[in-house]
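S.K.: Below are the structure tokens for one structure; questions will follow.
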Amino acid sequence: MKYLNRPLQEVHELLKKKEIKPIDLVEEAFENIEANKELNAFITLNKEEAIQRAKELEDQEVDNLLFGIPIALKDNIITEGLRTTCGSHILDNFVPIYNATIVDKLLEKKMIIIGKTNMDQFGMGSSSRTSYYGAPKNPWDLNKIAGGSSGGSAAAISSREVMLAIGSDTGGSIRQPSSYTGIVGMKPTYGRVSRYGLVAFASSLDQLGPMTKNVYENAVLLNAIVGKDEKDLTSAKREEEDFTRLIGEDIKGMKIAIPNFLMGDIVSEEVKDKVKETIKCLEENGATVDYIDIKYIENAMTLYQIIAMGEASSNLARFDGIRYGFQADNIKNIEDVYLETRGQGFGEEVKRRIMVGSYLLSGENAKVYYNKALSIRDDMRKEFKKAFETYDLIIGPTTVTTAYDLTDPMDDPRKSFMDDVLVIPVNMAGLPGMNIPVGFDQNHMPIGMQIIGDSFEEAKMYKLASFIEKELNLDLMPGGEK
Amino acid sequence: MEDKLTREEVLHVANLARIKLTEEEIEKYQVELKKLLTDVEKINEVEGYDDDILIACWDQNTELRKDVEGEMLDPKQVVENAPRHAGNYIEVPVVIGESEGA
């Protein structure tokens with residue numbers, strides 16, 4: 001490791017003083033990716049373009065912290081001229097003709113796109129094993145999953161293949177893989193980041209966010225990607241703010257809550273113990289931590305199944321084999337194009353979810369399931385809002401266990417939802433949620449804690465996360481510092 | 001309750017979703033879809049909530065963009081993205097069924 005494991009500020013200074021050039025970082029990124037090939041973190045690399053861009057940036061003024069920094073993007077973010085597959089066979093050959101808003105924002109900061117990261121097909125899964133391109137592996141143990149669906153971005157950051165990455169989170173897909181791989185992952189408030197150009201899975205839940213090796217870099221990257229976008233009606237118009245502004249502040253007097261559900265029997269003792277140790281540390285430093293009940297939180301997974309599968313069935317109707325992507329051979333008529341292309345192009349998990357979603361939205365079922373789910377979801381969000389009248393933040397474990405074996409069975413269709421049972425409520429309520437590493441299990445696999453904030457309170461979350469990061473001072477480089 | 005869907009039920013939802021299934025898949029989905037559909041039934045056990053619904057977690061004022069002409073994508077590039085195309089057109093197979101032809 002030369003530069004990509006160093007703090008962003010340090011690398012920035014080196015660039016500014018012209019002691020290194022962006023090409024040094026780009027070359028290191030591709031060297032690291034080559035050395036870690038087995039991780040399978042990337043689906044498509046952007047090598048030629050990245051090298052060319054690095055050279056173009058050489059003579060330009062280093063005008064911001066992200067200038068010349070290599071970044072990886074989850075492969076459901078569309079990139080002009082760079083293949084975007086969503087981890088699916090149906091988009092094997094899809095080369096977008098425009099950029100997602102987030103991509104334009106990153107390019108404005110003069111960042112360098114290294115490649116597109118591996119993921120569960122269309123974000124559907126919790127271990128990235130539904131990827132058509134093979135599962136990414138966990139840098140802490142190559143026999144374990146990296147989590148999902150942003151598993152490739154998580155593996156790329158954890159192994160320091162790149163310095164920064166973007167993931168997407170519909171039901172935990174940034175936070176859960178971040179927890180499994182020992183990195184910092186933020187799912188911002190719904191509406192913070194434009195979804196224009198993010199291939200939609202469940203539109204009322206999807207949100208893009210930063211995945212990084214530390215808290216400060218996460219906040220800096222969030223600074224760069226937020227903002228109202230007229231191409232996304234649901235993007236929020238907010239006063240500009242610096243998400244790093246509370247980092248390093250004292251946590252004395254902070255009021256924190258833990259929902260009992262998040263510390264229930266479903267969570268392994270090892271994970272709970274680590275979270276409890278962290279809670280003790282917070283209390284010793286002047287924060288108060290109370291256990292509370294949040295009504296309906298235990299129903300979040302059922303609501304998620306209905307809302308996410310319903311919306312997915314509608315969103316994925318666009319893949320028709322006519323306008324872009326894969327088209328099946330040997331077709332006789334238009335009906336065949338749809339049926340055969342979708343039958344052959346989508347993976348098992350995707351087909352399962354689209355079928356259930358179609359059923360849930362068909363005819364009277366829409367009232368029986370979908371509308372009811374929206375109604376309970378509203379009550380659950382109100383419950384969260386009520387808690388935030390008293391508390392600054394909510395915490396709990398991110399996952400019920402640490403990362404499991406890549407070879408664990410995949411035959412239970414409920415498994416991928418169960419893996420995300422602790423992170424799903426946040427999407428249901430549209431709140432920001434993040435993962436911060438808090439320790440390791442007996443096999444030295446990372447354990448993560450989740451911090452949940454009220455809407456648009458990301459800065460406050462970074463304050464607590466940075467405190468935990470500093471207090472615990474964990475070595476989060478797989479295999480130790482190199 | 002049966003622990004799997006009938007063949008016809010699976011074919012019905014596959015048709016709703018416009019997905020062609022292989023024989024092997026039909027059998028598999030008879031069991032798997034049943035599991036998920038049993039899961040979502042749990043929603044009927046929830047009580048006490050009010051009638052308000054939350055379509056998306058959105059508490060901003062909705063602001064529509066101005067209705068003005070913007071930049072367009074290049075039609076040539078758009079068409080080239082289609083698996084089958086000719087000139088400025090996207091090619092599709094026969095739309096009218098064979099029995100209705102002529």
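Within each chain, counting starts at residue 1; across the structure tokens, chains are named A, B, ... in the order shown, with ligands numbered 1 upward in that order.
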Could you give me, as a PDB file with N, CA and C atoms, in the first residue's frame, the residues within 12 Å of region 296-300 of chain A, counting only C-alpha atoms and dropping anything in the same chain fewer than 4 positions from it?
M.R.:
```pdb
ATOM      1  N   GLY A 171     -32.946  -1.629   1.189  1.00  0.00           N
ATOM      2  CA  GLY A 171     -33.348  -2.270   2.448  1.00  0.00           C
ATOM      3  C   GLY A 171     -32.111  -2.679   3.216  1.00  0.00           C
ATOM      4  N   PRO A 259     -33.793   0.677  20.316  1.00  0.00           N
ATOM      5  CA  PRO A 259     -35.057  -0.069  20.284  1.00  0.00           C
ATOM      6  C   PRO A 259     -34.814  -1.495  20.773  1.00  0.00           C
ATOM      7  N   ASN A 260     -35.660  -1.964  21.673  1.00  0.00           N
ATOM      8  CA  ASN A 260     -35.509  -3.331  22.213  1.00  0.00           C
ATOM      9  C   ASN A 260     -35.444  -4.368  21.085  1.00  0.00           C
ATOM     10  N   PHE A 261     -36.211  -4.117  20.030  1.00  0.00           N
ATOM     11  CA  PHE A 261     -36.259  -5.069  18.915  1.00  0.00           C
ATOM     12  C   PHE A 261     -34.864  -5.325  18.325  1.00  0.00           C
ATOM     13  N   LEU A 262     -34.051  -4.258  18.258  1.00  0.00           N
ATOM     14  CA  LEU A 262     -32.727  -4.394  17.650  1.00  0.00           C
ATOM     15  C   LEU A 262     -31.752  -5.185  18.534  1.00  0.00           C
ATOM     16  N   MET A 263     -32.121  -5.395  19.792  1.00  0.00           N
ATOM     17  CA  MET A 263     -31.246  -6.174  20.681  1.00  0.00           C
ATOM     18  C   MET A 263     -31.939  -7.467  21.106  1.00  0.00           C
ATOM     19  N   GLY A 264     -32.895  -7.919  20.317  1.00  0.00           N
ATOM     20  CA  GLY A 264     -33.685  -9.108  20.662  1.00  0.00           C
ATOM     21  C   GLY A 264     -32.958 -10.418  20.430  1.00  0.00           C
ATOM     22  N   ILE A 266     -33.043 -12.504  18.097  1.00  0.00           N
ATOM     23  CA  ILE A 266     -32.550 -12.813  16.756  1.00  0.00           C
ATOM     24  C   ILE A 266     -31.073 -12.428  16.573  1.00  0.00           C
ATOM     25  N   ILE A 292     -35.802   1.562  24.397  1.00  0.00           N
ATOM     26  CA  ILE A 292     -37.181   1.999  24.139  1.00  0.00           C
ATOM     27  C   ILE A 292     -37.903   0.996  23.226  1.00  0.00           C
ATOM     28  N   TYR A 304     -41.661  -4.318   4.078  1.00  0.00           N
ATOM     29  CA  TYR A 304     -40.624  -4.225   3.045  1.00  0.00           C
ATOM     30  C   TYR A 304     -40.874  -5.236   1.926  1.00  0.00           C
ATOM     31  N   GLN A 305     -41.208  -6.458   2.315  1.00  0.00           N
ATOM     32  CA  GLN A 305     -41.446  -7.484   1.291  1.00  0.00           C
ATOM     33  C   GLN A 305     -42.551  -7.031   0.335  1.00  0.00           C
ATOM     34  N   ILE A 306     -43.607  -6.468   0.885  1.00  0.00           N
ATOM     35  CA  ILE A 306     -44.746  -6.061   0.055  1.00  0.00           C
ATOM     36  C   ILE A 306     -44.383  -4.833  -0.795  1.00  0.00           C
ATOM     37  N   ILE A 307     -43.843  -3.809  -0.141  1.00  0.00           N
ATOM     38  CA  ILE A 307     -43.576  -2.564  -0.863  1.00  0.00           C
ATOM     39  C   ILE A 307     -42.438  -2.745  -1.871  1.00  0.00           C
ATOM     40  N   ALA A 308     -41.349  -3.374  -1.443  1.00  0.00           N
ATOM     41  CA  ALA A 308     -40.186  -3.504  -2.332  1.00  0.00           C
ATOM     42  C   ALA A 308     -40.484  -4.440  -3.505  1.00  0.00           C
ATOM     43  N   LYS A 372     -52.283  -1.441   2.537  1.00  0.00           N
ATOM     44  CA  LYS A 372     -52.176  -1.695   3.974  1.00  0.00           C
ATOM     45  C   LYS A 372     -50.733  -1.484   4.436  1.00  0.00           C
ATOM     46  N   ALA A 373     -49.792  -1.947   3.628  1.00  0.00           N
ATOM     47  CA  ALA A 373     -48.380  -1.777   3.987  1.00  0.00           C
ATOM     48  C   ALA A 373     -48.024  -0.287   4.062  1.00  0.00           C
ATOM     49  N   LEU A 374     -48.538   0.498   3.120  1.00  0.00           N
ATOM     50  CA  LEU A 374     -48.256   1.941   3.141  1.00  0.00           C
ATOM     51  C   LEU A 374     -48.842   2.593   4.391  1.00  0.00           C
ATOM     52  N   SER A 375     -49.961   2.068   4.819  1.00  0.00           N
ATOM     53  CA  SER A 375     -50.634   2.616   5.975  1.00  0.00           C
ATOM     54  C   SER A 375     -49.868   2.312   7.269  1.00  0.00           C
ATOM     55  N   ILE A 376     -49.419   1.084   7.418  1.00  0.00           N
ATOM     56  CA  ILE A 376     -48.664   0.710   8.630  1.00  0.00           C
ATOM     57  C   ILE A 376     -47.298   1.414   8.621  1.00  0.00           C
ATOM     58  N   ARG A 377     -46.760   1.544   7.416  1.00  0.00           N
ATOM     59  CA  ARG A 377     -45.482   2.241   7.289  1.00  0.00           C
ATOM     60  C   ARG A 377     -45.580   3.676   7.805  1.00  0.00           C
ATOM     61  N   ASP A 378     -46.693   4.320   7.514  1.00  0.00           N
ATOM     62  CA  ASP A 378     -46.914   5.685   7.985  1.00  0.00           C
ATOM     63  C   ASP A 378     -46.905   5.734   9.513  1.00  0.00           C
ATOM     64  N   ASP A 379     -47.555   4.757  10.136  1.00  0.00           N
ATOM     65  CA  ASP A 379     -47.588   4.721  11.596  1.00  0.00           C
ATOM     66  C   ASP A 379     -46.207   4.446  12.175  1.00  0.00           C
ATOM     67  N   MET A 380     -45.436   3.581  11.494  1.00  0.00           N
ATOM     68  CA  MET A 380     -44.103   3.272  11.983  1.00  0.00           C
ATOM     69  C   MET A 380     -43.202   4.507  11.917  1.00  0.00           C
ATOM     70  N   ARG A 381     -43.336   5.235  10.833  1.00  0.00           N
ATOM     71  CA  ARG A 381     -42.530   6.454  10.709  1.00  0.00           C
ATOM     72  C   ARG A 381     -42.883   7.458  11.806  1.00  0.00           C
ATOM     73  N   LYS A 382     -44.175   7.569  12.097  1.00  0.00           N
ATOM     74  CA  LYS A 382     -44.597   8.481  13.179  1.00  0.00           C
ATOM     75  C   LYS A 382     -43.988   8.055  14.517  1.00  0.00           C
ATOM     76  N   GLU A 383     -43.899   6.744  14.733  1.00  0.00           N
ATOM     77  CA  GLU A 383     -43.301   6.236  15.970  1.00  0.00           C
ATOM     78  C   GLU A 383     -41.830   6.640  16.073  1.00  0.00           C
ATOM     79  N   PHE A 384     -41.117   6.509  14.960  1.00  0.00           N
ATOM     80  CA  PHE A 384     -39.715   6.940  14.932  1.00  0.00           C
ATOM     81  C   PHE A 384     -39.623   8.439  15.227  1.00  0.00           C
ATOM     82  N   PHE A 417     -34.131 -11.628   3.109  1.00  0.00           N
ATOM     83  CA  PHE A 417     -34.845 -10.588   3.853  1.00  0.00           C
ATOM     84  C   PHE A 417     -34.441 -10.625   5.329  1.00  0.00           C
ATOM     85  N   MET A 418     -34.283 -11.834   5.857  1.00  0.00           N
ATOM     86  CA  MET A 418     -33.920 -11.985   7.270  1.00  0.00           C
ATOM     87  C   MET A 418     -32.557 -11.354   7.587  1.00  0.00           C
ATOM     88  N   ASP A 420     -31.428  -8.750   6.576  1.00  0.00           N
ATOM     89  CA  ASP A 420     -31.547  -7.291   6.639  1.00  0.00           C
ATOM     90  C   ASP A 420     -32.590  -6.817   7.646  1.00  0.00           C
ATOM     91  N   VAL A 421     -32.997  -7.712   8.538  1.00  0.00           N
ATOM     92  CA  VAL A 421     -34.121  -7.401   9.415  1.00  0.00           C
ATOM     93  C   VAL A 421     -33.865  -6.168  10.300  1.00  0.00           C
ATOM     94  N   LEU A 422     -32.605  -5.899  10.629  1.00  0.00           N
ATOM     95  CA  LEU A 422     -32.308  -4.767  11.511  1.00  0.00           C
ATOM     96  C   LEU A 422     -32.123  -3.447  10.754  1.00  0.00           C
ATOM     97  N   VAL A 423     -31.872  -3.541   9.467  1.00  0.00           N
ATOM     98  CA  VAL A 423     -31.595  -2.319   8.697  1.00  0.00           C
ATOM     99  C   VAL A 423     -32.798  -1.834   7.878  1.00  0.00           C
ATOM    100  N   ILE A 424     -33.749  -2.738   7.635  1.00  0.00           N
ATOM    101  CA  ILE A 424     -34.928  -2.403   6.822  1.00  0.00           C
ATOM    102  C   ILE A 424     -35.805  -1.290   7.421  1.00  0.00           C
ATOM    103  N   PRO A 425     -36.024  -1.261   8.755  1.00  0.00           N
ATOM    104  CA  PRO A 425     -36.924  -0.229   9.290  1.00  0.00           C
ATOM    105  C   PRO A 425     -36.525   1.194   8.881  1.00  0.00           C
ATOM    106  N   VAL A 426     -35.233   1.441   8.754  1.00  0.00           N
ATOM    107  CA  VAL A 426     -34.740   2.773   8.405  1.00  0.00           C
ATOM    108  C   VAL A 426     -35.243   3.206   7.021  1.00  0.00           C
ATOM    109  N   ASN A 427     -35.195   2.297   6.057  1.00  0.00           N
ATOM    110  CA  ASN A 427     -35.694   2.627   4.714  1.00  0.00           C
ATOM    111  C   ASN A 427     -37.196   2.865   4.739  1.00  0.00           C
ATOM    112  N   MET A 428     -37.887   2.061   5.538  1.00  0.00           N
ATOM    113  CA  MET A 428     -39.346   2.197   5.627  1.00  0.00           C
ATOM    114  C   MET A 428     -39.739   3.576   6.118  1.00  0.00           C
ATOM    115  N   ALA A 429     -38.904   4.138   7.017  1.00  0.00           N
ATOM    116  CA  ALA A 429     -39.211   5.438   7.597  1.00  0.00           C
ATOM    117  C   ALA A 429     -38.480   6.576   6.879  1.00  0.00           C
TER     118      ALA A 429
ATOM    119  N   ASP B  39     -45.442 -15.423   4.026  1.00  0.00           N
ATOM    120  CA  ASP B  39     -44.802 -14.348   4.793  1.00  0.00           C
ATOM    121  C   ASP B  39     -45.630 -13.068   4.766  1.00  0.00           C
ATOM    122  N   VAL B  40     -46.025 -12.646   3.569  1.00  0.00           N
ATOM    123  CA  VAL B  40     -46.695 -11.342   3.468  1.00  0.00           C
ATOM    124  C   VAL B  40     -48.092 -11.365   4.101  1.00  0.00           C
ATOM    125  N   GLU B  41     -48.631 -12.565   4.312  1.00  0.00           N
ATOM    126  CA  GLU B  41     -49.936 -12.657   4.994  1.00  0.00           C
ATOM    127  C   GLU B  41     -49.871 -12.102   6.418  1.00  0.00           C
ATOM    128  N   LYS B  42     -48.657 -12.069   6.957  1.00  0.00           N
ATOM    129  CA  LYS B  42     -48.485 -11.578   8.334  1.00  0.00           C
ATOM    130  C   LYS B  42     -49.017 -10.162   8.494  1.00  0.00           C
ATOM    131  N   ILE B  43     -49.128  -9.454   7.377  1.00  0.00           N
ATOM    132  CA  ILE B  43     -49.597  -8.073   7.461  1.00  0.00           C
ATOM    133  C   ILE B  43     -51.021  -8.016   8.013  1.00  0.00           C
ATOM    134  N   ASN B  44     -51.759  -9.091   7.811  1.00  0.00           N
ATOM    135  CA  ASN B  44     -53.144  -9.104   8.296  1.00  0.00           C
ATOM    136  C   ASN B  44     -53.249  -9.284   9.805  1.00  0.00           C
ATOM    137  N   GLU B  45     -52.121  -9.580  10.438  1.00  0.00           N
ATOM    138  CA  GLU B  45     -52.141  -9.727  11.902  1.00  0.00           C
ATOM    139  C   GLU B  45     -51.860  -8.405  12.607  1.00  0.00           C
ATOM    140  N   VAL B  46     -51.422  -7.401  11.825  1.00  0.00           N
ATOM    141  CA  VAL B  46     -51.063  -6.113  12.446  1.00  0.00           C
ATOM    142  C   VAL B  46     -52.331  -5.330  12.765  1.00  0.00           C
ATOM    143  N   GLU B  47     -52.342  -4.734  13.966  1.00  0.00           N
ATOM    144  CA  GLU B  47     -53.539  -3.978  14.377  1.00  0.00           C
ATOM    145  C   GLU B  47     -53.175  -2.603  14.904  1.00  0.00           C
ATOM    146  N   GLY B  48     -54.168  -1.753  14.974  1.00  0.00           N
ATOM    147  CA  GLY B  48     -54.020  -0.486  15.691  1.00  0.00           C
ATOM    148  C   GLY B  48     -53.577   0.703  14.862  1.00  0.00           C
ATOM    149  N   TYR B  49     -53.242   0.490  13.609  1.00  0.00           N
ATOM    150  CA  TYR B  49     -52.752   1.617  12.805  1.00  0.00           C
ATOM    151  C   TYR B  49     -53.916   2.414  12.227  1.00  0.00           C
TER     152      TYR B  49
END
```
S.K.: Tell me, as a PyMOL selection string, which residues lie within 7 Å of Ile69 (chain A), counting only C-alpha atoms; anything in the same chain fewer than 5 positions away does not count.
M.R.: chain A and resi 22+111-112
S.K.: Deliver the residues from the most recent selection as a file, using C-alpha atoms, as a PDB file, in the first residue's frame.
M.R.:
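Saved as result-v8.pdb:
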```
ATOM      1  CA  PRO A  22      -3.465  11.578  -9.863  1.00  0.00           C
ATOM      2  CA  MET A 111     -12.757  12.515  -9.287  1.00  0.00           C
ATOM      3  CA  ILE A 112     -11.627   9.527 -11.331  1.00  0.00           C
TER       4      ILE A 112
END
```
S.K.: Within 6 Å of chain B, which residues of chain A show up when using only C-alpha atoms, listed as a VMD selection string?
M.R.: chain A and resid 204 230 302 323 to 324 333 to 334 339 to 340 342 to 343 355 358 to 359 374 to 376 378 430
S.K.: Leaving out Ile71 (chain A) and any residue of its chain fewer than 3 positions from it, which residues lie within 9 Å of it when counting only C-alpha atoms, given as a count of residues only?
M.R.: 11
S.K.: Check the DSSP output for the backbone and give back, as a ChimeraX atom specification, the residues of region 107-317 of chain A in alpha helix (DSSP H).
M.R.: /A:107-108,151-158,175-181,215-225,269-284,300-315
S.K.: Report as a VMD selection string all protein, DNA and RNA residues lying within 12 Å of Phe346 (chain A), evaluated on only C-alpha atoms, omitting residues in the same chain fewer than 5 positions from it.
M.R.: (chain A and resid 85 to 92 120 to 122 124 130 to 132 316 to 317 319 to 321 325 to 328 338 to 341 351 to 355) or (chain B and resid 17 to 21)
